[in-house]
file entry.cif (mmCIF, C-alpha atoms and all ligand atoms)
data_data
#
loop_
_atom_site.label_atom_id
_atom_site.label_comp_id
_atom_site.auth_asym_id
_atom_site.auth_seq_id
_atom_site.Cartn_x
_atom_site.Cartn_y
_atom_site.Cartn_z
CA MET L 1 -28.00 26.48 33.51
CA SER L 2 -25.56 28.12 35.93
CA ASP L 3 -21.77 27.94 35.57
CA GLU L 4 -21.61 25.98 38.77
CA SER L 5 -23.96 23.22 37.62
CA GLU L 6 -22.14 23.07 34.22
CA ALA L 7 -18.88 22.53 36.07
CA GLU L 8 -20.41 19.79 38.16
CA GLY L 9 -22.09 18.19 35.12
CA PRO L 10 -24.73 15.48 35.22
CA PRO L 11 -24.58 12.85 37.98
CA ILE L 12 -22.27 9.88 37.37
CA ARG L 13 -23.45 6.40 38.39
CA THR L 14 -20.55 4.11 39.39
CA THR L 15 -20.77 0.29 39.31
CA ILE L 16 -18.35 -2.63 39.06
CA GLU L 17 -18.64 -4.61 35.82
CA ASP L 18 -16.37 -7.59 35.09
CA GLY L 19 -14.31 -6.46 38.08
CA VAL L 20 -13.74 -2.99 36.57
CA GLU L 21 -14.96 0.36 37.93
CA THR L 22 -17.58 1.43 35.37
CA PHE L 23 -19.30 4.81 34.94
CA GLU L 24 -22.52 5.98 33.37
CA ALA L 25 -23.99 9.46 32.87
CA THR L 26 -26.58 11.12 30.67
CA ILE L 27 -24.67 13.44 28.33
CA GLN L 28 -26.38 15.33 25.50
CA GLY L 29 -29.46 13.17 26.07
CA GLU L 30 -27.48 9.94 25.52
CA ARG L 31 -26.70 7.23 28.09
CA ILE L 32 -22.88 7.32 27.94
CA GLN L 33 -20.67 4.66 29.53
CA TRP L 34 -16.96 4.30 30.13
CA ASP L 35 -14.69 2.37 32.47
CA LYS L 36 -11.27 2.37 34.03
CA GLY L 37 -10.19 -0.75 32.13
CA LEU L 38 -9.73 -0.05 28.47
CA THR L 39 -10.17 3.56 27.38
CA TYR L 40 -9.99 4.99 23.87
CA SER L 41 -6.56 6.49 24.42
CA ARG L 42 -5.19 3.37 26.12
CA HIS L 43 -6.39 1.12 23.32
CA LEU L 44 -5.17 3.36 20.49
CA GLN L 45 -2.05 4.62 22.28
CA THR L 46 -3.02 8.16 21.28
CA ASP L 47 -0.54 9.68 23.76
CA GLN L 48 2.33 7.95 21.95
CA LEU L 49 0.83 8.56 18.51
CA LEU L 50 0.17 12.27 18.99
CA ASN L 51 3.54 12.86 20.60
CA SER L 52 5.40 11.35 17.66
CA GLN L 53 5.53 14.49 15.50
CA THR L 54 8.92 16.08 16.10
CA PRO L 55 9.75 18.83 13.60
CA VAL L 56 13.45 19.41 12.95
CA SER L 57 12.77 23.05 11.93
CA ASP L 58 10.66 25.88 13.32
CA LYS L 59 8.80 26.19 9.98
CA PRO L 60 5.00 25.77 10.16
CA ASP L 61 4.66 23.66 6.96
CA GLU L 62 6.89 20.88 8.25
CA MET L 63 3.96 19.50 10.30
CA LEU L 64 2.02 18.70 7.08
CA PHE L 65 5.10 16.96 5.67
CA ILE L 66 5.54 14.84 8.82
CA ILE L 67 1.88 13.86 9.19
CA MET L 68 1.55 12.97 5.49
CA HIS L 69 4.48 10.59 5.76
CA GLN L 70 3.30 9.15 9.05
CA THR L 71 -0.25 8.49 7.84
CA MET L 72 1.12 6.80 4.69
CA GLU L 73 3.45 4.68 6.84
CA LEU L 74 0.43 3.59 8.90
CA TRP L 75 -1.53 2.65 5.78
CA ILE L 76 1.50 0.75 4.44
CA LYS L 77 1.64 -1.10 7.76
CA LEU L 78 -1.98 -2.15 7.27
CA MET L 79 -1.30 -3.18 3.66
CA LEU L 80 1.61 -5.38 4.76
CA HIS L 81 -0.70 -6.96 7.33
CA GLU L 82 -3.46 -7.55 4.76
CA VAL L 83 -1.16 -8.91 2.04
CA ARG L 84 0.34 -11.38 4.54
CA SER L 85 -3.17 -12.46 5.43
CA ALA L 86 -4.04 -12.87 1.72
CA ILE L 87 -0.92 -15.04 1.30
CA LYS L 88 -2.08 -17.25 4.18
CA SER L 89 -5.52 -17.67 2.58
CA LEU L 90 -3.94 -18.49 -0.80
CA ARG L 91 -1.80 -21.20 0.83
CA GLU L 92 -5.03 -22.65 2.22
CA ASP L 93 -6.65 -22.39 -1.23
CA ASP L 94 -9.31 -20.12 0.26
CA LEU L 95 -9.57 -17.86 -2.78
CA ASP L 96 -12.75 -16.11 -1.57
CA ARG L 97 -11.08 -14.95 1.60
CA ALA L 98 -7.88 -13.98 -0.23
CA GLY L 99 -10.02 -11.97 -2.66
CA LYS L 100 -11.76 -10.09 0.12
CA THR L 101 -8.41 -9.19 1.69
CA LEU L 102 -6.96 -8.11 -1.67
CA ASP L 103 -10.01 -5.88 -2.25
CA ARG L 104 -9.35 -4.18 1.08
CA THR L 105 -5.67 -3.71 0.22
CA ALA L 106 -6.54 -2.07 -3.11
CA THR L 107 -9.04 0.20 -1.34
CA ILE L 108 -6.35 1.36 1.08
CA MET L 109 -4.16 2.16 -1.91
CA ARG L 110 -6.95 4.19 -3.52
CA HIS L 111 -7.39 6.11 -0.30
CA MET L 112 -3.66 6.86 -0.23
CA ILE L 113 -3.79 8.07 -3.84
CA HIS L 114 -6.46 10.64 -2.89
CA SER L 115 -4.44 11.81 0.09
CA TRP L 116 -1.71 13.21 -2.22
CA GLU L 117 -4.13 16.10 -2.76
CA VAL L 118 -3.42 17.31 0.77
CA LEU L 119 0.35 17.32 0.21
CA ALA L 120 -0.13 19.09 -3.13
CA THR L 121 -1.09 22.21 -1.13
CA LEU L 122 2.60 22.42 -0.13
CA THR L 123 4.05 25.03 -2.51
CA PRO L 124 7.72 25.01 -3.60
CA HIS L 125 8.30 27.98 -1.29
CA ASP L 126 6.63 26.21 1.67
CA PHE L 127 8.85 23.16 1.16
CA LEU L 128 12.05 25.14 0.70
CA THR L 129 11.53 26.81 4.10
CA PHE L 130 12.40 23.48 5.80
CA ARG L 131 13.93 21.26 3.07
CA GLY L 132 17.51 21.98 4.20
CA PHE L 133 16.70 20.73 7.71
CA LEU L 134 15.80 17.28 6.31
CA ARG L 135 19.42 16.73 5.24
CA LYS L 136 19.56 13.26 3.55
CA ALA L 137 16.31 11.84 4.96
CA SER L 138 14.05 10.53 2.18
CA GLY L 139 11.15 8.13 1.56
CA PHE L 140 13.77 6.13 -0.33
CA GLN L 141 14.75 4.89 3.13
CA SER L 142 11.22 3.68 4.02
CA GLN L 143 11.66 0.12 5.29
CA GLN L 144 7.97 -0.69 5.06
CA TYR L 145 7.63 0.54 1.47
CA ARG L 146 10.53 -1.68 0.39
CA GLU L 147 9.07 -4.59 2.36
CA LEU L 148 5.77 -4.10 0.54
CA GLU L 149 7.53 -4.11 -2.84
CA PHE L 150 9.31 -7.35 -1.89
CA LEU L 151 6.10 -8.89 -0.60
CA LEU L 152 4.26 -8.10 -3.83
CA GLY L 153 7.09 -9.57 -5.91
CA LEU L 154 9.54 -6.82 -6.81
CA LYS L 155 12.80 -8.20 -5.41
CA ARG L 156 15.58 -5.63 -5.70
CA ALA L 157 18.10 -6.72 -3.08
CA ASP L 158 20.50 -3.79 -3.56
CA LEU L 159 17.94 -1.38 -2.10
CA ILE L 160 18.48 -2.96 1.33
CA LEU L 161 21.88 -1.21 1.40
CA VAL L 162 20.49 2.13 2.60
CA HIS L 163 19.48 0.40 5.86
CA ASN L 164 23.12 -0.41 6.54
CA GLY L 165 23.63 -0.01 10.30
CA ASP L 166 19.98 -0.68 11.14
CA ASP L 167 20.09 -4.39 11.99
CA ALA L 168 16.36 -4.77 12.63
CA ALA L 169 15.42 -3.21 9.27
CA THR L 170 18.06 -5.22 7.41
CA THR L 171 16.87 -8.50 8.98
CA ALA L 172 13.20 -7.77 8.23
CA LEU L 173 14.00 -6.87 4.62
CA HIS L 174 16.11 -9.99 4.10
CA ALA L 175 13.26 -12.11 5.48
CA ALA L 176 10.83 -10.50 2.98
CA LEU L 177 13.38 -10.90 0.17
CA ASN L 178 13.87 -14.61 0.86
CA ALA L 179 10.16 -15.48 1.22
CA PRO L 180 7.77 -16.26 -1.63
CA SER L 181 5.91 -13.14 -2.77
CA LEU L 182 2.19 -12.65 -3.28
CA TYR L 183 2.69 -13.42 -6.98
CA ASP L 184 4.61 -16.62 -6.20
CA GLU L 185 1.68 -17.67 -4.00
CA VAL L 186 -0.86 -16.73 -6.68
CA LEU L 187 1.01 -18.95 -9.16
CA GLY L 188 0.97 -21.78 -6.58
CA ALA L 189 -2.81 -21.41 -6.23
CA LEU L 190 -3.18 -21.35 -10.03
CA SER L 191 -1.19 -24.56 -10.33
CA ARG L 192 -3.26 -26.33 -7.66
CA GLY L 193 -6.38 -25.02 -9.43
CA GLY L 194 -5.36 -26.85 -12.61
CA ALA L 195 -3.41 -24.19 -14.56
CA ALA L 196 -0.23 -25.27 -16.37
CA ILE L 197 2.48 -23.52 -14.34
CA PRO L 198 6.09 -24.66 -15.00
CA ALA L 199 7.68 -26.45 -12.03
CA GLU L 200 10.70 -24.12 -12.01
CA LYS L 201 8.36 -21.20 -11.22
CA LEU L 202 6.78 -23.05 -8.30
CA ASN L 203 10.05 -23.81 -6.58
CA ARG L 204 12.59 -21.15 -7.32
CA ASP L 205 15.09 -19.05 -5.39
CA TRP L 206 12.57 -16.56 -3.95
CA SER L 207 15.26 -13.93 -3.33
CA GLN L 208 15.79 -13.52 -7.09
CA PRO L 209 13.78 -11.06 -9.16
CA TYR L 210 10.82 -12.75 -10.84
CA GLU L 211 11.30 -13.21 -14.57
CA ALA L 212 8.29 -13.15 -16.87
CA CYS L 213 7.60 -16.44 -18.60
CA GLU L 214 5.76 -17.32 -21.80
CA LYS L 215 4.06 -20.41 -20.28
CA ILE L 216 2.59 -18.35 -17.46
CA GLU L 217 1.31 -15.78 -19.91
CA GLN L 218 -0.37 -18.68 -21.74
CA ALA L 219 -1.86 -19.97 -18.47
CA TRP L 220 -3.38 -16.54 -17.66
CA HIS L 221 -4.54 -16.24 -21.26
CA ALA L 222 -6.36 -19.57 -21.02
CA ILE L 223 -8.07 -18.45 -17.79
CA TYR L 224 -9.05 -15.04 -19.18
CA THR L 225 -10.32 -16.49 -22.45
CA ALA L 226 -12.79 -18.75 -20.63
CA PRO L 227 -13.77 -16.82 -17.47
CA ASP L 228 -16.96 -18.81 -16.84
CA GLN L 229 -15.01 -22.07 -16.65
CA ASN L 230 -12.27 -20.57 -14.47
CA TRP L 231 -14.16 -18.04 -12.37
CA PRO L 232 -12.22 -18.27 -9.03
CA LEU L 233 -8.82 -17.97 -10.77
CA TYR L 234 -10.13 -15.29 -13.13
CA ALA L 235 -11.46 -13.25 -10.18
CA LEU L 236 -8.11 -13.69 -8.39
CA GLY L 237 -6.27 -12.44 -11.48
CA GLU L 238 -8.43 -9.31 -11.61
CA LYS L 239 -7.96 -8.59 -7.91
CA VAL L 240 -4.16 -8.71 -8.05
CA THR L 241 -4.27 -6.70 -11.28
CA ALA L 242 -6.26 -4.02 -9.43
CA LEU L 243 -3.63 -3.95 -6.71
CA GLU L 244 -0.84 -3.28 -9.21
CA TYR L 245 -3.02 -0.78 -11.10
CA TYR L 246 -3.53 1.31 -7.94
CA PHE L 247 0.08 0.88 -6.79
CA GLN L 248 1.20 2.41 -10.10
CA GLU L 249 -1.28 5.23 -9.69
CA TRP L 250 0.20 5.90 -6.23
CA ARG L 251 3.67 6.03 -7.80
CA PHE L 252 2.37 8.41 -10.47
CA LYS L 253 0.71 10.78 -7.97
CA HIS L 254 3.88 10.76 -5.83
CA MET L 255 5.99 11.61 -8.89
CA LYS L 256 3.57 14.35 -10.00
CA THR L 257 3.37 15.85 -6.49
CA VAL L 258 7.16 15.80 -6.23
CA ALA L 259 7.44 17.52 -9.65
CA ARG L 260 4.97 20.16 -8.45
CA VAL L 261 6.95 20.79 -5.26
CA ILE L 262 10.63 20.46 -6.29
CA GLY L 263 10.61 20.46 -10.11
CA HIS L 264 13.64 18.56 -11.44
CA LYS L 265 15.92 19.08 -8.43
CA HIS L 266 17.75 16.10 -6.98
CA GLY L 267 16.05 14.31 -4.06
CA THR L 268 17.17 14.62 -0.44
CA GLY L 269 18.07 10.92 -0.73
CA GLY L 270 20.52 11.77 -3.53
CA SER L 271 18.70 10.38 -6.57
CA SER L 272 17.90 12.29 -9.77
CA GLY L 273 14.47 13.04 -8.20
CA VAL L 274 11.56 13.10 -10.65
CA SER L 275 13.57 11.21 -13.32
CA TYR L 276 14.17 8.40 -10.79
CA LEU L 277 10.45 8.32 -9.93
CA VAL L 278 9.45 8.27 -13.63
CA LYS L 279 11.63 5.17 -14.14
CA ALA L 280 9.71 3.43 -11.34
CA LEU L 281 6.50 3.76 -13.37
CA ASP L 282 7.74 0.91 -15.59
CA LEU L 283 8.26 -1.51 -12.69
CA GLN L 284 5.93 -4.50 -12.59
CA PHE L 285 4.81 -7.00 -9.96
CA PHE L 286 2.68 -9.35 -12.08
CA PRO L 287 4.09 -9.02 -15.62
CA GLU L 288 2.16 -11.74 -17.43
CA LEU L 289 -1.16 -10.42 -16.18
CA TRP L 290 -0.42 -7.31 -18.24
CA SER L 291 1.25 -8.84 -21.30
CA MET L 292 -1.51 -11.45 -21.62
CA ARG L 293 -4.03 -8.66 -22.34
CA THR L 294 -2.34 -7.78 -25.62
CA ARG L 295 -2.63 -11.40 -26.71
CA MET L 296 -6.39 -11.52 -26.15
CA SER L 297 -8.64 -11.14 -29.18
CA ALA L 298 -12.36 -10.81 -29.79
CA PRO L 299 -14.16 -13.80 -31.31
CA LYS L 300 -15.21 -13.09 -34.91
CA GLU L 301 -18.83 -11.99 -34.73
CA GLY L 302 -21.25 -9.74 -36.57
CA GLY L 303 -22.72 -9.85 -40.03
CA ASP L 304 -21.10 -10.21 -43.40
CA TYR L 305 -20.99 -6.67 -44.77
CA GLY L 306 -19.73 -7.72 -48.20
CA ASN L 307 -22.95 -6.40 -49.74
CA GLY L 308 -22.86 -3.14 -47.80
CA CYS L 309 -23.45 -2.21 -44.17
CA PRO L 310 -27.09 -2.92 -43.11
CA VAL L 311 -27.34 0.22 -40.93
C1 LIG V 1 6.87 17.15 -0.71
C2 LIG V 1 6.88 15.87 -0.44
C3 LIG V 1 7.78 14.86 -1.06
C4 LIG V 1 8.87 15.04 -1.86
C5 LIG V 1 9.48 16.35 -2.37
C6 LIG V 1 9.39 13.73 -2.15
C7 LIG V 1 10.49 13.49 -2.95
C8 LIG V 1 11.01 12.26 -3.23
C9 LIG V 1 12.14 12.02 -4.08
C10 LIG V 1 12.89 13.08 -4.84
C11 LIG V 1 12.37 10.70 -4.08
C12 LIG V 1 13.52 9.96 -4.79
C13 LIG V 1 14.56 9.55 -3.80
C14 LIG V 1 15.40 10.71 -3.34
O1 LIG V 1 16.38 11.05 -4.02
O2 LIG V 1 15.10 11.28 -2.27
C15 LIG V 1 11.39 10.08 -3.24
C16 LIG V 1 11.29 8.74 -2.99
C17 LIG V 1 10.32 8.18 -2.20
N1 LIG V 1 9.34 8.82 -1.50
FE1 LIG V 1 8.91 10.78 -1.58
N2 LIG V 1 8.59 12.78 -1.55
C18 LIG V 1 7.61 13.43 -0.88
C19 LIG V 1 6.61 12.84 -0.14
C20 LIG V 1 6.52 11.51 0.13
C21 LIG V 1 5.51 10.91 0.97
C22 LIG V 1 4.38 11.63 1.70
C23 LIG V 1 5.77 9.60 1.02
C24 LIG V 1 4.99 8.60 1.79
C25 LIG V 1 5.51 7.63 2.48
C26 LIG V 1 6.93 9.35 0.20
C27 LIG V 1 7.52 8.13 -0.02
C28 LIG V 1 8.59 7.90 -0.86
C29 LIG V 1 9.10 6.59 -1.16
C30 LIG V 1 8.57 5.27 -0.63
C31 LIG V 1 10.18 6.76 -2.01
C32 LIG V 1 11.01 5.65 -2.67
C33 LIG V 1 10.40 5.34 -4.03
C34 LIG V 1 11.15 4.29 -4.81
O3 LIG V 1 12.27 3.91 -4.45
O4 LIG V 1 10.59 3.82 -5.82
N3 LIG V 1 7.35 10.53 -0.34
N4 LIG V 1 10.56 11.05 -2.74
#

call {"tool": "encode", "arguments": {"input": "entry.cif", "output": "C-alpha cells"}}
result
Amino acid sequence: MSDESEAEGPPIRTTIEDGVETFEATIQGERIQWDKGLTYSRHLQTDQLLNSQTPVSDKPDEMLFIIMHQTMELWIKLMLHEVRSAIKSLREDDLDRAGKTLDRTATIMRHMIHSWEVLATLTPHDFLTFRGFLRKASGFQSQQYRELEFLLGLKRADLILVHNGDDAATTALHAALNAPSLYDEVLGALSRGGAAIPAEKLNRDWSQPYEACEKIEQAWHAIYTAPDQNWPLYALGEKVTALEYYFQEWRFKHMKTVARVIGHKHGTGGSSGVSYLVKALDLQFFPELWSMRTRMSAPKEGGDYGNGCPV
C-alpha cells in the first residue's frame, strides 16, 4: 500500500442515526462505527482526567506517586458509591442485592491491595528526590478515605479538623458522621430478620463511635452457630467480615510500603509515620463479628478413645 492511500485510509460511510452524524469504515477487517454524539473521550472526560496530573517538582518519580494516589481516590469513590447502594438495599431488606454490592466492594479493595506493588517500586532515594516539594500534603487529608471510614462505622469526629477551611469537605464529612453507618444498617436488617438486637443500638446518636455490645455478639453467635437456619443473615455477616478483612489488609500494605519507602521518619502530614499506621491496624468496623468467633466451639464429636486410639 502506498503512503498516499494509507494517509487517505479506507472509505468512510456517513449516515444520520437518531439525528446524529454517524460514521462507518472497515478498519483492520472490522466494521467500525462511531458518531459525533457521544465519543469515548466525551463520555469518560479523558481530557480532564489526563490533564489532572500536575507535578510540583521536576523529578520523574513524582508521576508514579500522583497516579497511584489518583487511581486509589477513584477506587475509593466507587467504593463509597457501592456501600451507599448496599445501605439502600439493606433498608429495603433486599439482602441478596446488598450482598452482591458488598462482594463488588470487597473485590475493589482486593484490587487496591495488589496495586501497592506498583508503588513499592519507589525506592527511598526516588521518593526523597521530591518529598520536600510535597510540604505538608498527606493522605491523612483524604476526604474520601475518611468518609469511607465513617460510612463503614468508624466515627472519629476529630479527624474532620484537618479539613478546616474547606467548607465542602467539612459539610460532606459531617453528613457522613451524622448518618447511620453500614454496620448500623446491618444491625437494623438483623433485627428485622428476627435477631435480638437491643433497642438502644437501633436508635442511637449515629455521630458517636460505635461501642461493642455483648448482646450483639450473642446475636451474631446464634446466627453463626446455626447457619442453615439463618442463611441470609449468616451470608450477610460473612460479606461484611470480608470487607473489613480486606480493608485491614489495605492498611497493612500501606503501612509496609510506607516503611519500605520512608522507614520510621515522620509523615508529611506530621504524624509519627509508620507507628501511627501500625496503630490503625487495631481499628475495627464490626467488632462483634470478630469477637464472636472466639466464642464459637466445635460440637463434641468423634469416638471414645479411652481404650486407645483406633488408628
Ligand atoms: C510513598 C508513598 C506513601 C507514603 C510515604 C505515605 C505515607 C503516609 C504516612 C506517613 C501517613 C501518616 C500520616 C502522615 O503523617 O502523613 C499516611 C497516611 C495516609 N495515607 Fe499514605 N503514603 C503513601 C502513599 C499513599 C497512597 C498511594 C495512598 C492512597 C490514597 C495513601 C493514603 C493514605 C491515607 C488515607 C492516610 C491516612 C490513614 C489514616 O489516617 O488511618 N497513602 N501516609

call {"tool": "residues_near_ligand", "arguments": {"input": "entry.cif", "ligand": "ligand LIG 1 (chain V)", "cutoff": "8 Å", "atoms": "all atoms listed in the file", "output": "ChimeraX atom specification"}}
result
/L:65-66,68-73,116,119-120,122,127,136-142,145-146,251,254-255,257-259,261-262,265-274,276-277,280

call {"tool": "atom_distance", "arguments": {"input": "entry.cif", "atom1": "CA of Arg260 (chain L)", "atom2": "CA of Leu78 (chain L)"}}
result
28.2 Å

call {"tool": "residues_near_point", "arguments": {"input": "entry.cif", "point": "(8.3, -7.8, 3.3)", "cutoff": "9 Å", "atoms": "only C-alpha atoms", "output": "PyMOL selection string"}}
result
chain L and resi 80+84+143-152+172-177+179+181

call {"tool": "residues_around", "arguments": {"input": "entry.cif", "residues": "region 202-212 of chain L", "least_positions_apart": "4", "cutoff": "8 Å", "atoms": "all atoms listed in the file", "output": "list in words"}}
result
Gly153, Leu154, Lys155, Arg156, Ala157, Leu177, Asn178, Ala179, Pro180, Ser181, Asp184, Leu187, Gly188, Ile197, Pro198, Ile216, Pro287 and Glu288 of chain L

call {"tool": "atom_distance", "arguments": {"input": "entry.cif", "atom1": "CA of Lys201 (chain L)", "atom2": "CA of Val186 (chain L)"}}
result
11.2 Å

call {"tool": "closest_residue", "arguments": {"input": "entry.cif", "among": "L:Ile67, L:Glu301, L:Arg13, L:Leu50", "to": "Gln33 (chain L)", "atoms": "all atoms listed in the file"}}
result
L:Arg13

call {"tool": "closest_residue", "arguments": {"input": "entry.cif", "among": "L:Glu249, L:Asp35, L:Asp158, L:Glu62", "to": "Met109 (chain L)", "atoms": "only C-alpha atoms"}}
result
L:Glu249

call {"tool": "residues_around", "arguments": {"input": "entry.cif", "residues": "Trp34 (chain L)", "least_positions_apart": "4", "cutoff": "9 Å", "atoms": "all atoms listed in the file", "output": "list in words"}}
result
Glu21, Thr22, Phe23, Glu24, Leu38 and Thr39 of chain L

call {"tool": "atom_distance", "arguments": {"input": "entry.cif", "atom1": "CA of Arg31 (chain L)", "atom2": "CA of Asp47 (chain L)"}}
result
26.6 Å

call {"tool": "residues_around", "arguments": {"input": "entry.cif", "residues": "Asp94 (chain L)", "least_positions_apart": "5", "cutoff": "12 Å", "atoms": "all atoms listed in the file", "output": "NGL selection string"}}
result
:L and (85-89 or 99-101 or 186 or 189 or 192-193 or 232-233 or 236)

call {"tool": "residues_around", "arguments": {"input": "entry.cif", "residues": "Arg295 (chain L)", "least_positions_apart": "5", "cutoff": "12 Å", "atoms": "all atoms listed in the file", "output": "PyMOL selection string"}}
result
chain L and resi 214+217-222+224-225+288-290

call {"tool": "residues_around", "arguments": {"input": "entry.cif", "residues": "Pro11 (chain L)", "least_positions_apart": "4", "cutoff": "10 Å", "atoms": "all atoms listed in the file", "output": "list in words"}}
result
Glu24, Ala25, Thr26 and Ile27 of chain L

call {"tool": "decode", "arguments": {"input": "entry.cif", "residues": "region 167-186 of chain L", "atoms": "C-alpha atoms", "output": "PDB file, in the first residue's frame"}}
result
ATOM      1  CA  ASP L 167     -16.375  24.042  53.693  1.00  0.00           C
ATOM      2  CA  ALA L 168     -17.494  21.464  51.122  1.00  0.00           C
ATOM      3  CA  ALA L 169     -15.295  18.721  52.628  1.00  0.00           C
ATOM      4  CA  THR L 170     -16.327  19.619  56.186  1.00  0.00           C
ATOM      5  CA  THR L 171     -20.041  19.535  55.283  1.00  0.00           C
ATOM      6  CA  ALA L 172     -19.731  16.184  53.469  1.00  0.00           C
ATOM      7  CA  LEU L 173     -17.822  14.655  56.377  1.00  0.00           C
ATOM      8  CA  HIS L 174     -20.338  15.910  58.948  1.00  0.00           C
ATOM      9  CA  ALA L 175     -23.157  14.424  56.863  1.00  0.00           C
ATOM     10  CA  ALA L 176     -21.374  11.023  56.835  1.00  0.00           C
ATOM     11  CA  LEU L 177     -20.637  11.326  60.560  1.00  0.00           C
ATOM     12  CA  ASN L 178     -24.271  12.011  61.436  1.00  0.00           C
ATOM     13  CA  ALA L 179     -25.775   9.267  59.244  1.00  0.00           C
ATOM     14  CA  PRO L 180     -26.171   5.605  60.209  1.00  0.00           C
ATOM     15  CA  SER L 181     -23.196   3.544  59.042  1.00  0.00           C
ATOM     16  CA  LEU L 182     -23.184   0.299  57.090  1.00  0.00           C
ATOM     17  CA  TYR L 183     -22.901  -1.585  60.393  1.00  0.00           C
ATOM     18  CA  ASP L 184     -25.851   0.310  61.891  1.00  0.00           C
ATOM     19  CA  GLU L 185     -27.879  -0.707  58.821  1.00  0.00           C
ATOM     20  CA  VAL L 186     -26.696  -4.320  59.065  1.00  0.00           C
TER      21      VAL L 186
END
